[in-house]
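> I have a structure here, written as structure tokens, and I will follow up with some questions on it.
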Amino acid sequence: MAVTEVVEIEGHIVDSLILAKVMDIILAAGADYEVVDVHIGKTNTDVSRARLEVSADDDATLDALLVELQAHGANRVAQQQHAEVVEADSAGVLPAGFYSTTNLPTAVRLAGHWTPVENPEMDCGLVVLGDGRVRTVPVHRVQAGDRVVIGTGGIRVTPPARPRGASPFEFMSSEVSSEKPKSHIVAEVAARIRLAREAGAKVLVVAGPAVVHTGAGPCLARLVRDGWVDVLFAGNGFAAHDIESNVMGTSLGVPVEGGTSAEGGHANHLRVINEVRRHGSIAAAVDAGYVTGGVMFECVRRQVPFVLGGSVRDDGPLPDVYANVVEAADAMRALLPGVGLALMLASTLHAIATGNCLSSGVETFVVDINQAVVTKLADRGSHQALGVVTDVGPFVSALSEQLSSAART
Amino acid sequence: MYSQSLAWGRRYLMCPPEHFGVLYEINAWMRAEVRVDLDRARAQWQALVATMRAAGAEVEVLEPVEGLPDLVFTANAGIVNGHQYVPSRFRHPQRQGEVAHDVAWFEAAGYTVSWLPEGMVHEGAGDALPFGGALVSGYRTRSDAASHAALSRLTGAPVRSVELVDERLYHLDLTFCPLGERRAIVAPHAWDRYGAKVMEALVPEPLVLDDEQALSFCANSVVVGTTVVMPACPVTVGRRLEAWGFDPVVCEVSEFAKAGGACRCLTLALDVDVRMCGSEVGDGPRWDG
């Protein structure tokens, strides 16, 4: 758990090389610093002043370092406000005046140190655990007696930093545009997925039924089969049509490879849902040989965890669907640790639901033919989302082509 | 153009050793079991005064006070800057009682007293000597680095902070002795590498001491014009001083060395104006004309 402290140093710290020395001492101690601000004296006689935020892995390292820095005149900035903490008096209710979180990196000042929030998530409360760690907790998970941060004093949020320099996504810089070369963007998304992978991060895919309707189901299935997908979030519709297309050859009654509606096809997905319900679960239907291909089939075979969140308009639903949306959100949260990249494919509601749970540090790509989806996600606080406005069918197809050449086992 | 000798160093405050002794241990040299020969100390102190006067210095006297054995080391009384006097704030409680007596003398002499903020530690001219338009100030052992910014604000002088890393050379004036506008005796091994670099840039013509020479306290010398009054003068140091036109005079202060002090420690220059010392002040007025 990283702990941080701001120190201030003033004097002729440039000419006396004290600033350089202090920085060197911090690095030599295995800690790190960030310059908060520097004021350089305008004349030879003016004193200069610098504030450095020092971060170390643990309290012991930081405390020892602060003592050493003090000897060189770098003192911790005095009288920083501490966060106010009160106990929740009933389960499922945050205390009045609770601090409402963003998805940005956040630190809370407690007992003389800045403690980073472990799992940034928007629209939650902050709970201080017994061992001093701080976690975001959604309102329904709050327990009576939980120590909850209230007010805004002693809370620091790090604003989002856009990648600078020659970052592959500099050219996209959060803007949503349909007027950008798609093949290039697909190649960049593929490269980001590979980079995330190399960094040991998990890849999350959020898929809407249009993936199946546009004929991209087999391509996404191939990405799952090749090991590029670690977690899948979707709804009843995506899973039902994915299975329908594999069992009946149609998606919402329309032949995936044909084009004109099949007779009585409108009931195909209901029949499929009914049969899966008979088996008891998608996994059971796969085991029984009822489902023999598709995204859900590959997830079951490769044991890729998935969450199917329900909604009021669901047909069936499939037995795996969470009918309780609070439970669905908790199940999604449980799968988020380790996720470093999220790919949201033609899904409005599930994309927003997922965006609500993601830390701003998770690289997020939203692929949708409708520009409004990306805008909606950003409007709800997921500022890290980069939009690709395009038909999801060709996009997933091209992406699977890009990645299949480097299949992951 | 620069002058060969210092712009200051003709008027000093000194305190006779009537109550001197090693009564406690607050540096690497002090041993409470060591007895001071008070008669010898008096004789050495008188000889030092005579040598300085012979070199052209005026000496003012601070009354000794019983129970304050280190009051003899007037270099630690504070920092003189023109008519301004910044009293020391001692690290060790054993010496904190000296401040009231020092302040009384300076007030009576018409100086304006400017105090460092409470809680800061700085031991006066023992840890601060003017050179090159700046006030060079040591820190760590006896003065705090945090006091340097306050010192600069009070005096208007830019400060060069130098960390003292050898506890045997616990005050700056054991490691640094300005000789003129460009020359100084320096003991770089007593400084950390950043401080050594700062001083290398500040002193164009250093007389560099090795470890053994520095431990003879030869940097703790009083410079009066071209006379350098030294507690010891290693041969190579003396040769260099003579080559530069100085006249090194050894004054034995062995009784005071028992408390970790030598010639400079026993004196406080009263004619210092830290803002006027150094090449950056151009052709402004000089104390030595």
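As shown in the structure tokens, the chain order sets the letters A, B, ...; within each chain, residues go from 1, and ligands are also counted from 1 in the order they appear.
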Taking the DSSP secondary structure from the backbone, can you list the residues of range 6-188 of chain B that are helix (DSSP H, G or I), as a ChimeraX atom specification?

/B:38-54,69-72,74-77,93-96,98-108,124-127,147-155,172-174,188

> Please, which residues in chain B fall within 9 Å of chain A when counting only C-alpha atoms, and what is the closest atom pair and distance in Å to one decimal for each, ordered by chain then residue number, as JSON lines?


{"residue": "B:Ala134", "atom": "CA", "partner": "A:Thr45", "partner_atom": "CA", "distance": 8.6}
{"residue": "B:Tyr139", "atom": "CA", "partner": "A:His72", "partner_atom": "CA", "distance": 8.0}
{"residue": "B:Arg140", "atom": "CA", "partner": "A:Ala71", "partner_atom": "CA", "distance": 6.1}
{"residue": "B:Asp144", "atom": "CA", "partner": "A:Ala71", "partner_atom": "CA", "distance": 6.8}
{"residue": "B:Ala145", "atom": "CA", "partner": "A:Gly73", "partner_atom": "CA", "distance": 4.6}
{"residue": "B:Ala146", "atom": "CA", "partner": "A:Gly73", "partner_atom": "CA", "distance": 4.1}
{"residue": "B:Ser147", "atom": "CA", "partner": "A:Gly73", "partner_atom": "CA", "distance": 7.8}
{"residue": "B:His148", "atom": "CA", "partner": "A:Gly11", "partner_atom": "CA", "distance": 6.2}
{"residue": "B:Ala149", "atom": "CA", "partner": "A:Gly11", "partner_atom": "CA", "distance": 4.2}
{"residue": "B:Ala150", "atom": "CA", "partner": "A:Gly11", "partner_atom": "CA", "distance": 7.9}
{"residue": "B:Ser152", "atom": "CA", "partner": "A:Val47", "partner_atom": "CA", "distance": 7.5}
{"residue": "B:Arg153", "atom": "CA", "partner": "A:Val47", "partner_atom": "CA", "distance": 8.0}
{"residue": "B:Gly156", "atom": "CA", "partner": "A:Thr45", "partner_atom": "CA", "distance": 6.5}
{"residue": "B:Ala157", "atom": "CA", "partner": "A:Thr45", "partner_atom": "CA", "distance": 5.8}
{"residue": "B:Pro158", "atom": "CA", "partner": "A:Thr45", "partner_atom": "CA", "distance": 4.5}
{"residue": "B:Val159", "atom": "CA", "partner": "A:His12", "partner_atom": "CA", "distance": 6.0}
{"residue": "B:Arg160", "atom": "CA", "partner": "A:Ser16", "partner_atom": "CA", "distance": 5.1}
{"residue": "B:Ser161", "atom": "CA", "partner": "A:Ser16", "partner_atom": "CA", "distance": 5.4}
{"residue": "B:Val162", "atom": "CA", "partner": "A:Ser16", "partner_atom": "CA", "distance": 7.2}
{"residue": "B:Glu163", "atom": "CA", "partner": "A:His72", "partner_atom": "CA", "distance": 8.0}
{"residue": "B:Tyr194", "atom": "CA", "partner": "A:Leu17", "partner_atom": "CA", "distance": 6.1}
{"residue": "B:Gly195", "atom": "CA", "partner": "A:Ser16", "partner_atom": "CA", "distance": 7.0}
{"residue": "B:Lys197", "atom": "CA", "partner": "A:Leu17", "partner_atom": "CA", "distance": 8.4}
{"residue": "B:Val198", "atom": "CA", "partner": "A:Ser16", "partner_atom": "CA", "distance": 6.0}
{"residue": "B:Met199", "atom": "CA", "partner": "A:Ser16", "partner_atom": "CA", "distance": 8.9}

> Could you list, as an MDAnalysis selection string, every residue within 7 Å of range 229-244 of chain A, counting only C-alpha atoms and ignoring same-chain residues fewer than 6 positions away?

chainID A and resid 202:209 212 217 223 250:252 268:269 272:273 291 294:296 304:310 314 317:318 321 350

> Just list the residues in range 60-307 of chain A DSSP gives strand (DSSP E or B) on the backbone, as an NGL selection string.

:A and (75-76 or 84-87 or 90 or 93 or 98 or 106-110 or 113-117 or 125-128 or 134-137 or 147-150 or 155-157 or 202-207 or 231-235 or 250-251 or 254-255 or 306-307)

> Kindly export the residues of the current selection with N, CA and C atoms, as a compact mmCIF listing (two decimals), in the first residue's frame.


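That gives us part.txt:
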# COMPACT_ATOMS: atom_id res chain seq x y z
N ASN A 75 10.32 19.94 5.23
CA ASN A 75 9.37 19.56 6.27
C ASN A 75 8.02 19.24 5.66
N ARG A 76 7.32 18.31 6.30
CA ARG A 76 5.99 18.00 5.79
C ARG A 76 5.12 19.24 5.91
N GLU A 84 -12.78 13.50 7.54
CA GLU A 84 -13.68 13.25 8.66
C GLU A 84 -14.37 11.91 8.44
N VAL A 85 -14.40 11.11 9.47
CA VAL A 85 -14.95 9.76 9.35
C VAL A 85 -16.04 9.56 10.39
N VAL A 86 -17.20 9.06 9.97
CA VAL A 86 -18.25 8.74 10.95
C VAL A 86 -18.74 7.31 10.68
N GLU A 87 -19.31 6.71 11.69
CA GLU A 87 -19.80 5.34 11.54
C GLU A 87 -21.19 5.34 10.92
N SER A 90 -26.81 2.44 10.01
CA SER A 90 -27.61 1.28 9.61
C SER A 90 -27.09 0.69 8.30
N VAL A 93 -27.18 2.05 4.25
CA VAL A 93 -27.39 3.50 4.21
C VAL A 93 -26.09 4.18 4.60
N PHE A 98 -22.05 11.97 3.14
CA PHE A 98 -20.96 11.07 2.73
C PHE A 98 -20.25 11.62 1.50
N THR A 106 -7.94 8.36 -6.07
CA THR A 106 -8.34 9.20 -4.94
C THR A 106 -7.50 8.82 -3.73
N ALA A 107 -7.13 9.81 -2.93
CA ALA A 107 -6.40 9.53 -1.70
C ALA A 107 -7.10 10.23 -0.54
N VAL A 108 -7.04 9.61 0.62
CA VAL A 108 -7.72 10.13 1.80
C VAL A 108 -6.67 10.38 2.87
N ARG A 109 -6.73 11.55 3.49
CA ARG A 109 -5.74 11.86 4.52
C ARG A 109 -6.23 11.37 5.88
N LEU A 110 -5.50 10.39 6.41
CA LEU A 110 -5.86 9.77 7.70
C LEU A 110 -4.59 9.64 8.50
N HIS A 113 -1.23 10.71 7.01
CA HIS A 113 -0.75 10.24 5.71
C HIS A 113 -1.88 10.24 4.69
N TRP A 114 -1.46 10.37 3.45
CA TRP A 114 -2.42 10.19 2.35
C TRP A 114 -2.50 8.70 2.03
N THR A 115 -3.67 8.15 2.15
CA THR A 115 -3.87 6.74 1.85
C THR A 115 -4.68 6.62 0.57
N PRO A 116 -4.13 5.95 -0.43
CA PRO A 116 -4.88 5.85 -1.69
C PRO A 116 -6.08 4.91 -1.56
N VAL A 117 -7.14 5.24 -2.27
CA VAL A 117 -8.31 4.37 -2.30
C VAL A 117 -7.98 3.17 -3.19
N GLY A 125 -19.46 5.24 -1.62
CA GLY A 125 -18.94 5.87 -0.42
C GLY A 125 -17.52 5.36 -0.20
N LEU A 126 -16.79 6.01 0.72
CA LEU A 126 -15.44 5.54 1.07
C LEU A 126 -15.48 4.99 2.48
N VAL A 127 -15.03 3.74 2.63
CA VAL A 127 -15.03 3.12 3.94
C VAL A 127 -13.58 2.87 4.38
N VAL A 128 -13.27 3.31 5.60
CA VAL A 128 -11.94 3.08 6.17
C VAL A 128 -11.97 1.75 6.90
N VAL A 134 -8.43 1.97 2.59
CA VAL A 134 -9.67 2.66 2.24
C VAL A 134 -10.21 2.05 0.95
N ARG A 135 -11.49 1.67 0.98
CA ARG A 135 -12.11 1.07 -0.21
C ARG A 135 -13.41 1.81 -0.55
N THR A 136 -13.75 1.78 -1.83
CA THR A 136 -15.06 2.29 -2.22
C THR A 136 -16.08 1.20 -1.92
N VAL A 137 -17.24 1.63 -1.45
CA VAL A 137 -18.30 0.67 -1.16
C VAL A 137 -19.63 1.24 -1.68
N ARG A 147 -16.85 2.61 8.98
CA ARG A 147 -16.36 3.98 9.14
C ARG A 147 -16.30 4.64 7.76
N VAL A 148 -17.20 5.61 7.57
CA VAL A 148 -17.41 6.21 6.25
C VAL A 148 -16.87 7.64 6.25
N VAL A 149 -16.17 8.00 5.15
CA VAL A 149 -15.63 9.34 5.01
C VAL A 149 -16.76 10.30 4.64
N ILE A 150 -16.84 11.43 5.38
CA ILE A 150 -17.86 12.42 5.03
C ILE A 150 -17.19 13.76 4.70
N ILE A 155 -9.51 15.00 1.24
CA ILE A 155 -9.66 14.06 0.11
C ILE A 155 -9.00 14.70 -1.10
N ARG A 156 -8.22 13.89 -1.80
CA ARG A 156 -7.52 14.43 -2.96
C ARG A 156 -7.78 13.52 -4.15
N VAL A 157 -8.22 14.13 -5.23
CA VAL A 157 -8.51 13.37 -6.44
C VAL A 157 -7.51 13.78 -7.50
N LYS A 202 -6.04 -8.11 -17.41
CA LYS A 202 -7.13 -8.87 -18.01
C LYS A 202 -7.89 -8.00 -19.01
N VAL A 203 -8.47 -8.67 -20.00
CA VAL A 203 -9.28 -7.96 -21.00
C VAL A 203 -10.75 -8.32 -20.77
N LEU A 204 -11.56 -7.25 -20.63
CA LEU A 204 -12.99 -7.42 -20.41
C LEU A 204 -13.73 -7.05 -21.70
N VAL A 205 -14.67 -7.89 -22.09
CA VAL A 205 -15.52 -7.55 -23.24
C VAL A 205 -16.95 -7.41 -22.74
N VAL A 206 -17.57 -6.29 -23.15
CA VAL A 206 -18.97 -6.08 -22.86
C VAL A 206 -19.68 -6.12 -24.21
N ALA A 207 -20.60 -7.06 -24.37
CA ALA A 207 -21.15 -7.25 -25.72
C ALA A 207 -22.67 -7.08 -25.72
N VAL A 231 -12.91 -11.86 -19.37
CA VAL A 231 -14.18 -11.65 -18.66
C VAL A 231 -15.19 -11.16 -19.68
N LEU A 232 -16.43 -11.66 -19.56
CA LEU A 232 -17.49 -11.20 -20.48
C LEU A 232 -18.67 -10.70 -19.67
N PHE A 233 -19.12 -9.49 -19.99
CA PHE A 233 -20.36 -8.97 -19.42
C PHE A 233 -21.34 -8.81 -20.58
N ALA A 234 -22.57 -9.23 -20.37
CA ALA A 234 -23.59 -9.04 -21.41
C ALA A 234 -24.95 -9.15 -20.73
N GLY A 235 -25.99 -9.19 -21.58
CA GLY A 235 -27.34 -9.35 -21.05
C GLY A 235 -27.97 -10.61 -21.61
N THR A 250 -30.16 -18.59 -36.80
CA THR A 250 -30.76 -17.26 -36.97
C THR A 250 -30.41 -16.39 -35.78
N SER A 251 -30.56 -15.08 -35.99
CA SER A 251 -30.45 -14.14 -34.88
C SER A 251 -31.70 -13.30 -34.91
N VAL A 254 -33.64 -13.95 -37.99
CA VAL A 254 -33.05 -13.67 -39.30
C VAL A 254 -31.82 -14.56 -39.48
N PRO A 255 -31.78 -15.35 -40.57
CA PRO A 255 -30.62 -16.21 -40.78
C PRO A 255 -29.35 -15.37 -40.80
N PHE A 306 -18.38 -15.09 -16.90
CA PHE A 306 -19.26 -14.09 -17.51
C PHE A 306 -20.36 -13.73 -16.53
N VAL A 307 -20.87 -12.51 -16.71
CA VAL A 307 -22.03 -12.06 -15.94
C VAL A 307 -23.08 -11.61 -16.93

> Env of Trp45 in chain B: 8 Å cut, atoms = only C-alpha atoms, seq-sep filter 3 positions within chain, self excluded. Answer as a list of chain:residue names.

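Residues near the query, excluding close chain neighbours: B:Pro16, B:Pro17, B:Ala41, B:Arg42, B:Leu48, B:Val49, B:Val253.
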
> What would the file look like if the residues just selected were written as a PDB file, in the first residue's frame with C-alpha atoms?


ATOM      1  CA  PRO B  16      37.793  36.033  28.661  1.00  0.00           C
ATOM      2  CA  PRO B  17      37.921  32.428  29.900  1.00  0.00           C
ATOM      3  CA  ALA B  41      43.736  29.101  29.167  1.00  0.00           C
ATOM      4  CA  ARG B  42      43.943  32.716  30.389  1.00  0.00           C
ATOM      5  CA  LEU B  48      45.511  35.517  21.082  1.00  0.00           C
ATOM      6  CA  VAL B  49      44.135  38.972  21.883  1.00  0.00           C
ATOM      7  CA  VAL B 253      44.900  27.522  22.024  1.00  0.00           C
TER       8      VAL B 253
END

> Rounded to one decimal in Å, what is the spacing between CA of Phe176 in chain B and CA of Pro188 in chain B?

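Separation between CA of Phe176 in chain B and CA of Pro188 in chain B: 8.7 Å.
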
> With only C-alpha atoms as the counted atoms, please give the residues lying no more than 10 Å from Leu358 in chain A, apart from itself and same-chain residues fewer than 4 positions off, as a ChimeraX atom specification.

/A:103-104,119-122,332-333,336-337,339-342,352-354,362-364,382,384

> So that I can check the surroundings of Val34 in chain B, please list as an MDAnalysis selection string every protein, DNA and RNA residue that reaches within 12 Å of it, counting only C-alpha atoms and ignoring chain neighbours fewer than 4 positions away.

chainID B and resid 21:25 29:30 255:259

> Those selected residues, please, written with N, CA and C atoms and delivered as an mmCIF file, in the first residue's frame.


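The file below, part.cif, is the result:
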data_model
loop_
_atom_site.group_PDB
_atom_site.id
_atom_site.type_symbol
_atom_site.label_atom_id
_atom_site.label_comp_id
_atom_site.auth_asym_id
_atom_site.auth_seq_id
_atom_site.Cartn_x
_atom_site.Cartn_y
_atom_site.Cartn_z
ATOM 1 N N GLY B 21 35.592 25.938 30.995
ATOM 2 C CA GLY B 21 35.871 24.582 31.449
ATOM 3 C C GLY B 21 35.122 23.609 30.565
ATOM 4 N N VAL B 22 35.472 22.329 30.666
ATOM 5 C CA VAL B 22 34.707 21.316 29.939
ATOM 6 C C VAL B 22 33.775 20.679 30.960
ATOM 7 N N LEU B 23 32.580 21.214 31.053
ATOM 8 C CA LEU B 23 31.649 20.781 32.103
ATOM 9 C C LEU B 23 30.608 19.797 31.575
ATOM 10 N N TYR B 24 30.525 19.690 30.271
ATOM 11 C CA TYR B 24 29.547 18.769 29.648
ATOM 12 C C TYR B 24 30.129 18.332 28.310
ATOM 13 N N GLU B 25 29.421 17.415 27.626
ATOM 14 C CA GLU B 25 29.935 16.891 26.357
ATOM 15 C C GLU B 25 28.877 17.100 25.282
ATOM 16 N N TRP B 29 34.733 16.266 20.704
ATOM 17 C CA TRP B 29 36.011 16.551 21.357
ATOM 18 C C TRP B 29 35.899 16.663 22.864
ATOM 19 N N MET B 30 34.726 17.018 23.339
ATOM 20 C CA MET B 30 34.566 17.285 24.767
ATOM 21 C C MET B 30 34.579 16.001 25.592
ATOM 22 N N GLU B 255 44.202 24.655 25.291
ATOM 23 C CA GLU B 255 43.215 24.468 26.365
ATOM 24 C C GLU B 255 41.788 24.523 25.792
ATOM 25 N N PHE B 256 41.609 25.386 24.803
ATOM 26 C CA PHE B 256 40.266 25.540 24.214
ATOM 27 C C PHE B 256 39.935 24.384 23.262
ATOM 28 N N ALA B 257 41.004 23.760 22.710
ATOM 29 C CA ALA B 257 40.793 22.601 21.844
ATOM 30 C C ALA B 257 40.154 21.449 22.619
ATOM 31 N N LYS B 258 40.329 21.472 23.963
ATOM 32 C CA LYS B 258 39.696 20.434 24.791
ATOM 33 C C LYS B 258 38.171 20.521 24.704
ATOM 34 N N ALA B 259 37.673 21.702 24.367
ATOM 35 C CA ALA B 259 36.224 21.872 24.215
ATOM 36 C C ALA B 259 35.820 21.879 22.739
#

> Could you check which of A:Gly30, A:Gly361, A:Pro218, A:Gly151 is closest to Ala196 in chain A, using only C-alpha atoms?

A:Gly361

> Taking only C-alpha atoms into account, name the residue in B:Val99, B:Val86, B:Val228, B:Ala128 that is nearest to Trp115 in chain B.

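Between B:Val99, B:Val86, B:Val228, B:Ala128, the residue approaching Trp115 in chain B most closely is B:Val86.
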
> Quick one: residues within 6 Å of Val54 in chain A, only C-alpha atoms counted, chain neighbours fewer than 3 positions away excluded, as a list in words?

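The filter keeps Thr4, Glu5, Val6, Asp32 and Tyr33 of chain A.
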
> Could you check how far CA of Trp191 in chain B sits from CA of Val274 in chain B, in Å to one decimal?

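Calculated distance between CA of Trp191 in chain B and CA of Val274 in chain B is 22.0 Å.
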
> Between B:Cys263, B:Glu66, B:His92, B:Gly82, which has the minimum distance to Gly110 in chain B (counting only C-alpha atoms)?

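Comparing B:Cys263, B:Glu66, B:His92, B:Gly82 against Gly110 in chain B, the winner is B:Gly82.
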